>>> print(open('start38.pdb').read())   # PDB, C-alpha atoms
ATOM      1  CA  ILE K   1     -34.055 -17.743 -34.920
ATOM      2  CA  ALA K   2     -35.737 -17.238 -31.547
ATOM      3  CA  MET K   3     -33.600 -16.373 -28.554
ATOM      4  CA  SER K   4     -34.343 -17.987 -25.256
ATOM      5  CA  SER K   5     -36.276 -15.879 -22.787
ATOM      6  CA  ARG K   6     -33.279 -15.799 -20.450
ATOM      7  CA  LYS K   7     -31.063 -14.190 -23.097
ATOM      8  CA  VAL K   8     -33.738 -11.619 -23.877
ATOM      9  CA  LEU K   9     -34.063 -10.821 -20.176
ATOM     10  CA  ILE K  10     -30.294 -10.350 -19.836
ATOM     11  CA  LEU K  11     -30.244  -8.059 -22.876
ATOM     12  CA  ILE K  12     -33.087  -6.000 -21.414
ATOM     13  CA  ILE K  13     -31.273  -5.738 -18.089
ATOM     14  CA  ALA K  14     -28.089  -4.667 -19.854
ATOM     15  CA  ALA K  15     -29.944  -1.993 -21.805
ATOM     16  CA  VAL K  16     -31.665  -0.724 -18.666
ATOM     17  CA  ALA K  17     -28.343  -0.753 -16.835
ATOM     18  CA  MET K  18     -26.703   1.423 -19.427
ATOM     19  CA  LEU K  19     -29.567   3.890 -19.391
ATOM     20  CA  SER K  20     -30.445   3.996 -15.701
ATOM     21  CA  SER K  21     -27.112   3.740 -13.960
ATOM     22  CA  CYS K  22     -25.337   6.778 -15.257
ATOM     23  CA  SER K  23     -23.234   6.983 -12.126
ATOM     24  CA  ILE K  24     -21.103   3.904 -11.671
ATOM     25  CA  THR K  25     -20.175   5.176  -8.211
ATOM     26  CA  ARG K  26     -23.761   4.946  -6.995
ATOM     27  CA  HIS K  27     -23.008   2.240  -4.397
ATOM     28  CA  VAL K  28     -19.602   3.632  -3.345
ATOM     29  CA  PRO K  29     -19.841   4.921   0.247
ATOM     30  CA  ASP K  30     -19.192   8.592   0.962
ATOM     31  CA  GLY K  31     -15.541   9.393   1.620
ATOM     32  CA  GLN K  32     -14.358   6.361  -0.377
ATOM     33  CA  TYR K  33     -13.348   5.869  -3.993
ATOM     34  CA  LEU K  34     -14.126   3.433  -6.784
ATOM     35  CA  LEU K  35     -10.914   1.820  -8.035
ATOM     36  CA  ASP K  36     -11.169   2.961 -11.638
ATOM     37  CA  ASP K  37      -7.866   1.928 -13.203
ATOM     38  CA  VAL K  38      -4.631   0.163 -12.270
ATOM     39  CA  LYS K  39      -1.396   0.380 -14.267
ATOM     40  CA  ILE K  40       2.042  -1.107 -13.768
ATOM     41  CA  VAL K  41       4.830   0.935 -15.355
ATOM     42  CA  VAL K  42       8.245  -0.726 -15.596
ATOM     43  CA  ASP K  43      10.822   2.030 -16.070
ATOM     44  CA  ASP K  44      14.094   0.366 -16.904
ATOM     45  CA  ASN K  45      13.381  -3.128 -18.203
ATOM     46  CA  GLU K  46      11.648  -4.000 -21.454
ATOM     47  CA  THR K  47      11.630  -7.760 -20.788
ATOM     48  CA  ILE K  48       9.176  -7.474 -17.895
ATOM     49  CA  LYS K  49       5.673  -6.555 -19.014
ATOM     50  CA  GLN K  50       2.599  -5.429 -17.089
ATOM     51  CA  ALA K  51       0.897  -8.739 -17.908
ATOM     52  CA  ASP K  52       3.704 -10.605 -16.118
ATOM     53  CA  LEU K  53       3.070  -8.727 -12.877
ATOM     54  CA  ILE K  54      -0.697  -8.123 -12.858
ATOM     55  CA  ASN K  55      -1.409 -11.353 -10.939
ATOM     56  CA  TYR K  56       0.555 -10.066  -7.941
ATOM     57  CA  LEU K  57      -1.842  -7.180  -7.341
ATOM     58  CA  ARG K  58      -4.150  -7.524  -4.359
ATOM     59  CA  GLN K  59      -6.843  -5.237  -5.761
ATOM     60  CA  GLN K  60      -7.969  -4.805  -9.342
ATOM     61  CA  PRO K  61     -10.775  -2.675 -10.792
ATOM     62  CA  ASN K  62     -14.106  -4.000 -11.999
ATOM     63  CA  HIS K  63     -14.013  -5.953 -15.243
ATOM     64  CA  GLU K  64     -14.408  -3.933 -18.436
ATOM     65  CA  VAL K  65     -16.055  -5.019 -21.692
ATOM     66  CA  LEU K  66     -16.839  -3.364 -25.000
ATOM     67  CA  GLY K  67     -14.101  -0.774 -24.944
ATOM     68  CA  GLY K  68     -14.077   0.188 -21.300
ATOM     69  CA  MET K  69     -17.693  -0.199 -20.181
ATOM     70  CA  LYS K  70     -18.051  -1.750 -16.749
ATOM     71  CA  LEU K  71     -21.190  -3.659 -17.669
ATOM     72  CA  GLN K  72     -21.325  -5.905 -14.591
ATOM     73  CA  LEU K  73     -21.000  -2.851 -12.336
ATOM     74  CA  MET K  74     -23.753  -1.108 -14.292
ATOM     75  CA  VAL K  75     -26.044  -4.101 -13.767
ATOM     76  CA  TYR K  76     -25.224  -4.077 -10.053
ATOM     77  CA  ASN K  77     -26.110  -0.378  -9.886
ATOM     78  CA  ILE K  78     -29.651  -1.109 -11.097
ATOM     79  CA  SER K  79     -30.381  -2.563  -7.674
ATOM     80  CA  GLY K  80     -31.721  -0.289  -5.016
ATOM     81  CA  ARG K  81     -30.431   0.147  -1.497
ATOM     82  CA  ASP K  82     -33.061  -2.188  -0.012
ATOM     83  CA  SER K  83     -31.243  -5.497   0.579
ATOM     84  CA  THR K  84     -34.485  -7.306   1.520
ATOM     85  CA  SER K  85     -35.974  -6.910  -1.944
ATOM     86  CA  ARG K  86     -35.801 -10.091  -4.027
ATOM     87  CA  PHE K  87     -35.251  -8.085  -7.199
ATOM     88  CA  ASN K  88     -32.314  -6.177  -5.686
ATOM     89  CA  ARG K  89     -30.684  -9.373  -4.426
ATOM     90  CA  TRP K  90     -31.165 -11.045  -7.820
ATOM     91  CA  ILE K  91     -29.666  -8.094  -9.710
ATOM     92  CA  ARG K  92     -26.718  -7.940  -7.310
ATOM     93  CA  ARG K  93     -26.001 -11.632  -7.931
ATOM     94  CA  ILE K  94     -25.896 -11.029 -11.680
ATOM     95  CA  GLY K  95     -23.793  -7.896 -11.435
ATOM     96  CA  SER K  96     -20.491  -7.134  -9.773
ATOM     97  CA  ALA K  97     -20.108  -4.942  -6.691
ATOM     98  CA  PRO K  98     -17.923  -1.844  -7.011
ATOM     99  CA  VAL K  99     -14.276  -2.325  -6.048
ATOM    100  CA  VAL K 100     -13.664   0.252  -3.326
ATOM    101  CA  TYR K 101     -10.078   1.466  -3.070
ATOM    102  CA  ASP K 102      -8.199   0.159  -0.021
ATOM    103  CA  PRO K 103      -4.758   1.678   0.715
ATOM    104  CA  VAL K 104      -3.791  -1.379   2.789
ATOM    105  CA  LEU K 105      -4.236  -3.597  -0.273
ATOM    106  CA  THR K 106      -2.177  -1.149  -2.328
ATOM    107  CA  ASP K 107       0.689  -1.466   0.170
ATOM    108  CA  ALA K 108       0.322  -5.254   0.068
ATOM    109  CA  SER K 109       0.523  -5.119  -3.739
ATOM    110  CA  VAL K 110       3.759  -3.103  -3.531
ATOM    111  CA  THR K 111       5.200  -5.792  -1.241
ATOM    112  CA  GLN K 112       4.029  -8.605  -3.520
ATOM    113  CA  LEU K 113       5.482  -6.948  -6.623
ATOM    114  CA  THR K 114       8.811  -6.430  -4.838
ATOM    115  CA  LYS K 115       8.940 -10.089  -3.789
ATOM    116  CA  ALA K 116       8.043 -11.265  -7.290
ATOM    117  CA  LEU K 117      10.879  -9.218  -8.771
ATOM    118  CA  GLN K 118      13.316 -10.496  -6.142
ATOM    119  CA  ASN K 119      12.321 -14.056  -7.051
ATOM    120  CA  ARG K 120      13.290 -13.236 -10.637
ATOM    121  CA  GLY K 121      16.734 -12.047  -9.560
ATOM    122  CA  TYR K 122      16.113  -8.312  -9.277
ATOM    123  CA  LEU K 123      17.282  -8.041  -5.670
ATOM    124  CA  HIS K 124      17.551  -4.249  -5.662
ATOM    125  CA  SER K 125      14.236  -3.518  -7.345
ATOM    126  CA  HIS K 126      12.087  -0.653  -6.144
ATOM    127  CA  VAL K 127       8.286  -0.420  -6.361
ATOM    128  CA  THR K 128       6.147   2.597  -5.471
ATOM    129  CA  ALA K 129       2.453   3.309  -5.857
ATOM    130  CA  ASP K 130       0.992   6.643  -6.923
ATOM    131  CA  THR K 131      -2.701   7.389  -6.587
ATOM    132  CA  PHE K 132      -4.660   9.890  -8.632
ATOM    133  CA  ALA K 133      -7.992  10.659  -6.970
ATOM    134  CA  ARG K 134     -10.930  12.482  -8.493
ATOM    135  CA  PRO K 135     -13.044  13.472  -5.477
ATOM    136  CA  ASP K 136     -15.742  15.036  -7.659
ATOM    137  CA  LYS K 137     -16.351  11.669  -9.379
ATOM    138  CA  LYS K 138     -15.457   9.427  -6.409
ATOM    139  CA  LYS K 139     -12.892   7.570  -8.547
ATOM    140  CA  ILE K 140      -9.216   6.787  -8.060
ATOM    141  CA  LYS K 141      -6.473   5.463 -10.313
ATOM    142  CA  VAL K 142      -3.417   3.609  -9.031
ATOM    143  CA  GLN K 143      -0.104   3.440 -10.868
ATOM    144  CA  TYR K 144       2.650   1.114  -9.686
ATOM    145  CA  ASN K 145       6.096   2.379 -10.709
ATOM    146  CA  VAL K 146       8.661  -0.406 -10.961
ATOM    147  CA  THR K 147      12.407   0.080 -11.208
ATOM    148  CA  THR K 148      14.109  -3.291 -11.560
ATOM    149  CA  ASN K 149      17.778  -2.234 -11.611
ATOM    150  CA  SER K 150      20.248  -4.890 -12.789
ATOM    151  CA  PRO K 151      19.562  -8.565 -12.102
ATOM    152  CA  HIS K 152      21.894 -10.758 -10.073
ATOM    153  CA  TYR K 153      23.396 -13.796 -11.759
ATOM    154  CA  ILE K 154      25.178 -16.776 -10.243
ATOM    155  CA  SER K 155      28.324 -17.287 -12.275
ATOM    156  CA  SER K 156      29.402 -20.652 -10.904
ATOM    157  CA  ILE K 157      28.524 -23.258  -8.314
ATOM    158  CA  ALA K 158      31.080 -25.464  -6.589
ATOM    159  CA  TYR K 159      30.299 -28.431  -4.377
ATOM    160  CA  ASN K 160      32.618 -29.679  -1.654
ATOM    161  CA  ILE K 161      31.292 -33.108  -0.629
ATOM    162  CA  PRO K 162      33.867 -35.256   1.194
ATOM    163  CA  ASN K 163      31.866 -38.499   1.038
ATOM    164  CA  ASP K 164      32.388 -40.319  -2.310
ATOM    165  CA  THR K 165      29.069 -42.164  -2.141
ATOM    166  CA  ILE K 166      27.025 -39.047  -1.637
ATOM    167  CA  ARG K 167      29.072 -37.076  -4.178
ATOM    168  CA  ASP K 168      28.275 -39.561  -6.980
TER     169      ASP K 168
END
>>> encode(input="start38.pdb", output="structure tokens")
Amino acid sequence: IAMSSRKVLILIIAAVAMLSSCSITRHVPDGQYLLDDVKIVVDDNETIKQADLINYLRQQPNHEVLGGMKLQLMVYNISGRDSTSRFNRWIRRIGSAPVVYDPVLTDASVTQLTKALQNRGYLHSHVTADTFARPDKKKIKVQYNVTTNSPHYISSIAYNIPNDTIRD
């Protein structure tokens, strides 16, 4: 069975990406970090999972496939620094740019996670973010620590409506 030429080209690019782009931080500017991993750890509540809260994060790392390989980032790293080159622009469209860590987005994620927990009834929840930087590799990991505390429940609701028509 013959594969289309486009599929062959993509496979060749993927193979070249894996071989030529050893450093996935190639396009990360100096003094900044590639967001390598994000975890949400819920300390005191087994009913709330990381998957329930992941959509509230403002910044997530590059997509991983095949057991942790960032293939789209590797393809992006094939491109050179010359943005006028057609080949570089084409490769960058196929690939995915590196996600550079932004502390402002981390703070916004803490706020969003807190609001999401409050909407679920955990009014005294507490969320913090810890970062683990590796300056030698230009990578950073972010861990959000969530303490939900006990939820608030409404035990009863009473209505006092004096008008009979509206009450019915």
>>> residues_around(input="start38.pdb", residues="K:Ser109", least_positions_apart="5", cutoff="10 Å", atoms="only C-alpha atoms", output="count of residues only")
14
>>> resolve_selection(input="start38.pdb", expression="the PyMOL selection byres ((chain K and resi 32) around 8)", output="list in words")
Val28, Pro29, Asp30, Gly31, Tyr33, Leu34, Val100, Tyr101 and Lys138 of chain K
>>> write_last_selection(input="start38.pdb", atoms="C-alpha atoms", output="PDB file, in the coordinates of the input")
ATOM      1  CA  VAL K  28     -19.602   3.632  -3.345  1.00  0.00           C
ATOM      2  CA  PRO K  29     -19.841   4.921   0.247  1.00  0.00           C
ATOM      3  CA  ASP K  30     -19.192   8.592   0.962  1.00  0.00           C
ATOM      4  CA  GLY K  31     -15.541   9.393   1.620  1.00  0.00           C
ATOM      5  CA  TYR K  33     -13.348   5.869  -3.993  1.00  0.00           C
ATOM      6  CA  LEU K  34     -14.126   3.433  -6.784  1.00  0.00           C
ATOM      7  CA  VAL K 100     -13.664   0.252  -3.326  1.00  0.00           C
ATOM      8  CA  TYR K 101     -10.078   1.466  -3.070  1.00  0.00           C
ATOM      9  CA  LYS K 138     -15.457   9.427  -6.409  1.00  0.00           C
TER      10      LYS K 138
END
>>> closest_residue(input="start38.pdb", among="K:Met74, K:Val38, K:Ala51, K:Met69", to="K:Thr106", atoms="all atoms listed in the file")
K:Val38
>>> resolve_selection(input="start38.pdb", expression="the PyMOL selection byres ((chain K and resi 43) around 7)", output="PyMOL selection string")
chain K and resi 41-42+44-45+146-147
>>> closest_residue(input="start38.pdb", among="K:Ser156, K:Ser23, K:Ser125, K:Ser79", to="K:Ile94", atoms="all atoms listed in the file")
K:Ser79
>>> atom_distance(input="start38.pdb", atom1="atom CA of K:Lys141", atom2="atom CA of K:Asp37")
4.8 Å
>>> atom_distance(input="start38.pdb", atom1="atom CA of K:Ala108", atom2="atom CA of K:Arg92")
28.2 Å
>>> atom_distance(input="start38.pdb", atom1="atom CA of K:Ala97", atom2="atom CA of K:Ile78")
11.2 Å
>>> resolve_selection(input="start38.pdb", expression="the PyMOL selection byres ((chain K and resi 76) around 12)", output="ChimeraX atom specification")
/K:13-14,16-18,20-21,23-28,62,70-75,77-81,87-99
>>> residues_around(input="start38.pdb", residues="K:Asp168", least_positions_apart="6", cutoff="12 Å", atoms="all atoms listed in the file", output="ChimeraX atom specification")
/K:159,161-162
>>> decode(input="start38.pdb", residues="stretch 38-163 of chain K", atoms="C-alpha atoms", output="PDB file, in the first residue's frame")
ATOM      1  CA  VAL K  38       2.267  21.445  35.133  1.00  0.00           C
ATOM      2  CA  LYS K  39       0.676  19.470  37.973  1.00  0.00           C
ATOM      3  CA  ILE K  40      -2.299  20.121  40.212  1.00  0.00           C
ATOM      4  CA  VAL K  41      -2.064  18.405  43.597  1.00  0.00           C
ATOM      5  CA  VAL K  42      -5.231  18.332  45.704  1.00  0.00           C
ATOM      6  CA  ASP K  43      -4.193  17.666  49.300  1.00  0.00           C
ATOM      7  CA  ASP K  44      -7.335  17.001  51.264  1.00  0.00           C
ATOM      8  CA  ASN K  45     -10.079  15.978  48.850  1.00  0.00           C
ATOM      9  CA  GLU K  46     -10.198  12.790  46.812  1.00  0.00           C
ATOM     10  CA  THR K  47     -13.376  13.754  44.926  1.00  0.00           C
ATOM     11  CA  ILE K  48     -11.679  16.590  43.042  1.00  0.00           C
ATOM     12  CA  LYS K  49      -9.206  15.365  40.442  1.00  0.00           C
ATOM     13  CA  GLN K  50      -6.545  17.162  38.415  1.00  0.00           C
ATOM     14  CA  ALA K  51      -8.597  16.594  35.254  1.00  0.00           C
ATOM     15  CA  ASP K  52     -11.484  18.556  36.796  1.00  0.00           C
ATOM     16  CA  LEU K  53      -9.309  21.629  37.295  1.00  0.00           C
ATOM     17  CA  ILE K  54      -6.890  21.561  34.345  1.00  0.00           C
ATOM     18  CA  ASN K  55      -9.168  23.725  32.167  1.00  0.00           C
ATOM     19  CA  TYR K  56      -8.828  26.630  34.605  1.00  0.00           C
ATOM     20  CA  LEU K  57      -5.093  26.974  34.005  1.00  0.00           C
ATOM     21  CA  ARG K  58      -4.004  29.949  31.932  1.00  0.00           C
ATOM     22  CA  GLN K  59      -0.783  28.342  30.712  1.00  0.00           C
ATOM     23  CA  GLN K  60      -0.110  24.727  29.844  1.00  0.00           C
ATOM     24  CA  PRO K  61       3.029  23.083  28.446  1.00  0.00           C
ATOM     25  CA  ASN K  62       3.478  21.952  24.864  1.00  0.00           C
ATOM     26  CA  HIS K  63       1.510  18.875  23.860  1.00  0.00           C
ATOM     27  CA  GLU K  64       3.210  15.527  24.434  1.00  0.00           C
ATOM     28  CA  VAL K  65       2.864  12.352  22.363  1.00  0.00           C
ATOM     29  CA  LEU K  66       4.438   8.914  22.414  1.00  0.00           C
ATOM     30  CA  GLY K  67       5.292   8.791  26.083  1.00  0.00           C
ATOM     31  CA  GLY K  68       6.378  12.346  26.703  1.00  0.00           C
ATOM     32  CA  MET K  69       7.950  13.456  23.420  1.00  0.00           C
ATOM     33  CA  LYS K  70       7.049  16.997  22.439  1.00  0.00           C
ATOM     34  CA  LEU K  71       6.919  16.201  18.737  1.00  0.00           C
ATOM     35  CA  GLN K  72       5.282  19.446  17.589  1.00  0.00           C
ATOM     36  CA  LEU K  73       7.914  21.453  19.476  1.00  0.00           C
ATOM     37  CA  MET K  74      10.657  19.336  17.913  1.00  0.00           C
ATOM     38  CA  VAL K  75       9.274  20.075  14.446  1.00  0.00           C
ATOM     39  CA  TYR K  76       9.157  23.784  15.283  1.00  0.00           C
ATOM     40  CA  ASN K  77      12.799  23.645  16.383  1.00  0.00           C
ATOM     41  CA  ILE K  78      13.864  22.461  12.919  1.00  0.00           C
ATOM     42  CA  SER K  79      13.234  25.981  11.665  1.00  0.00           C
ATOM     43  CA  GLY K  80      16.063  28.435  11.735  1.00  0.00           C
ATOM     44  CA  ARG K  81      16.050  31.921  13.179  1.00  0.00           C
ATOM     45  CA  ASP K  82      15.476  33.561   9.780  1.00  0.00           C
ATOM     46  CA  SER K  83      11.756  34.433   9.705  1.00  0.00           C
ATOM     47  CA  THR K  84      11.901  35.483   6.024  1.00  0.00           C
ATOM     48  CA  SER K  85      12.736  31.983   4.828  1.00  0.00           C
ATOM     49  CA  ARG K  86       9.756  30.163   3.312  1.00  0.00           C
ATOM     50  CA  PHE K  87      10.970  26.847   4.696  1.00  0.00           C
ATOM     51  CA  ASN K  88      11.245  28.232   8.240  1.00  0.00           C
ATOM     52  CA  ARG K  89       7.766  29.760   8.081  1.00  0.00           C
ATOM     53  CA  TRP K  90       6.319  26.506   6.718  1.00  0.00           C
ATOM     54  CA  ILE K  91       7.963  24.401   9.437  1.00  0.00           C
ATOM     55  CA  ARG K  92       6.788  26.811  12.136  1.00  0.00           C
ATOM     56  CA  ARG K  93       3.204  26.495  10.880  1.00  0.00           C
ATOM     57  CA  ILE K  94       3.391  22.710  11.155  1.00  0.00           C
ATOM     58  CA  GLY K  95       5.047  22.726  14.555  1.00  0.00           C
ATOM     59  CA  SER K  96       4.162  24.355  17.843  1.00  0.00           C
ATOM     60  CA  ALA K  97       6.085  27.256  19.373  1.00  0.00           C
ATOM     61  CA  PRO K  98       7.626  26.712  22.809  1.00  0.00           C
ATOM     62  CA  VAL K  99       5.446  27.748  25.747  1.00  0.00           C
ATOM     63  CA  VAL K 100       7.557  30.261  27.657  1.00  0.00           C
ATOM     64  CA  TYR K 101       6.815  30.455  31.373  1.00  0.00           C
ATOM     65  CA  ASP K 102       4.970  33.619  32.435  1.00  0.00           C
ATOM     66  CA  PRO K 103       4.597  34.266  36.194  1.00  0.00           C
ATOM     67  CA  VAL K 104       1.633  36.587  35.557  1.00  0.00           C
ATOM     68  CA  LEU K 105      -0.278  33.708  33.961  1.00  0.00           C
ATOM     69  CA  THR K 106       0.639  31.485  36.906  1.00  0.00           C
ATOM     70  CA  ASP K 107      -0.893  34.029  39.301  1.00  0.00           C
ATOM     71  CA  ALA K 108      -3.976  34.227  37.076  1.00  0.00           C
ATOM     72  CA  SER K 109      -4.242  30.423  37.197  1.00  0.00           C
ATOM     73  CA  VAL K 110      -4.122  30.503  41.013  1.00  0.00           C
ATOM     74  CA  THR K 111      -6.993  33.015  40.977  1.00  0.00           C
ATOM     75  CA  GLN K 112      -8.993  30.956  38.479  1.00  0.00           C
ATOM     76  CA  LEU K 113      -8.529  27.745  40.470  1.00  0.00           C
ATOM     77  CA  THR K 114      -9.628  29.517  43.662  1.00  0.00           C
ATOM     78  CA  LYS K 115     -12.765  30.856  41.967  1.00  0.00           C
ATOM     79  CA  ALA K 116     -13.584  27.452  40.490  1.00  0.00           C
ATOM     80  CA  LEU K 117     -13.360  25.840  43.923  1.00  0.00           C
ATOM     81  CA  GLN K 118     -15.493  28.589  45.467  1.00  0.00           C
ATOM     82  CA  ASN K 119     -18.123  27.957  42.790  1.00  0.00           C
ATOM     83  CA  ARG K 120     -18.172  24.326  43.926  1.00  0.00           C
ATOM     84  CA  GLY K 121     -18.804  25.340  47.533  1.00  0.00           C
ATOM     85  CA  TYR K 122     -15.256  25.317  48.883  1.00  0.00           C
ATOM     86  CA  LEU K 123     -15.344  28.902  50.143  1.00  0.00           C
ATOM     87  CA  HIS K 124     -12.215  28.610  52.282  1.00  0.00           C
ATOM     88  CA  SER K 125     -10.041  26.841  49.734  1.00  0.00           C
ATOM     89  CA  HIS K 126      -6.404  27.787  49.356  1.00  0.00           C
ATOM     90  CA  VAL K 127      -4.304  27.514  46.184  1.00  0.00           C
ATOM     91  CA  THR K 128      -0.563  28.138  45.881  1.00  0.00           C
ATOM     92  CA  ALA K 129       1.881  27.659  43.036  1.00  0.00           C
ATOM     93  CA  ASP K 130       5.408  26.315  43.417  1.00  0.00           C
ATOM     94  CA  THR K 131       7.935  26.552  40.613  1.00  0.00           C
ATOM     95  CA  PHE K 132      10.923  24.294  40.114  1.00  0.00           C
ATOM     96  CA  ALA K 133      13.387  25.855  37.675  1.00  0.00           C
ATOM     97  CA  ARG K 134      16.323  24.161  36.006  1.00  0.00           C
ATOM     98  CA  PRO K 135      18.463  27.067  34.773  1.00  0.00           C
ATOM     99  CA  ASP K 136      21.007  24.740  33.161  1.00  0.00           C
ATOM    100  CA  LYS K 137      18.289  23.288  30.888  1.00  0.00           C
ATOM    101  CA  LYS K 138      16.129  26.436  30.625  1.00  0.00           C
ATOM    102  CA  LYS K 139      13.080  24.480  31.840  1.00  0.00           C
ATOM    103  CA  ILE K 140      10.590  25.065  34.637  1.00  0.00           C
ATOM    104  CA  LYS K 141       7.901  22.954  36.269  1.00  0.00           C
ATOM    105  CA  VAL K 142       4.861  24.411  38.017  1.00  0.00           C
ATOM    106  CA  GLN K 143       2.910  22.627  40.735  1.00  0.00           C
ATOM    107  CA  TYR K 144      -0.391  24.020  41.982  1.00  0.00           C
ATOM    108  CA  ASN K 145      -1.114  22.934  45.562  1.00  0.00           C
ATOM    109  CA  VAL K 146      -4.822  22.931  46.369  1.00  0.00           C
ATOM    110  CA  THR K 147      -6.309  22.684  49.842  1.00  0.00           C
ATOM    111  CA  THR K 148     -10.094  22.620  49.605  1.00  0.00           C
ATOM    112  CA  ASN K 149     -11.036  22.523  53.305  1.00  0.00           C
ATOM    113  CA  SER K 150     -14.653  21.585  54.065  1.00  0.00           C
ATOM    114  CA  PRO K 151     -17.420  22.557  51.647  1.00  0.00           C
ATOM    115  CA  HIS K 152     -20.331  24.778  52.622  1.00  0.00           C
ATOM    116  CA  TYR K 153     -23.829  23.355  52.338  1.00  0.00           C
ATOM    117  CA  ILE K 154     -27.178  25.123  52.426  1.00  0.00           C
ATOM    118  CA  SER K 155     -29.354  23.171  54.823  1.00  0.00           C
ATOM    119  CA  SER K 156     -32.691  24.818  54.105  1.00  0.00           C
ATOM    120  CA  ILE K 157     -34.299  27.598  52.117  1.00  0.00           C
ATOM    121  CA  ALA K 158     -37.358  29.520  53.270  1.00  0.00           C
ATOM    122  CA  TYR K 159     -39.354  31.953  51.173  1.00  0.00           C
ATOM    123  CA  ASN K 160     -41.395  34.791  52.634  1.00  0.00           C
ATOM    124  CA  ILE K 161     -43.602  36.073  49.796  1.00  0.00           C
ATOM    125  CA  PRO K 162     -46.612  38.089  50.998  1.00  0.00           C
ATOM    126  CA  ASN K 163     -48.407  38.171  47.633  1.00  0.00           C
TER     127      ASN K 163
END
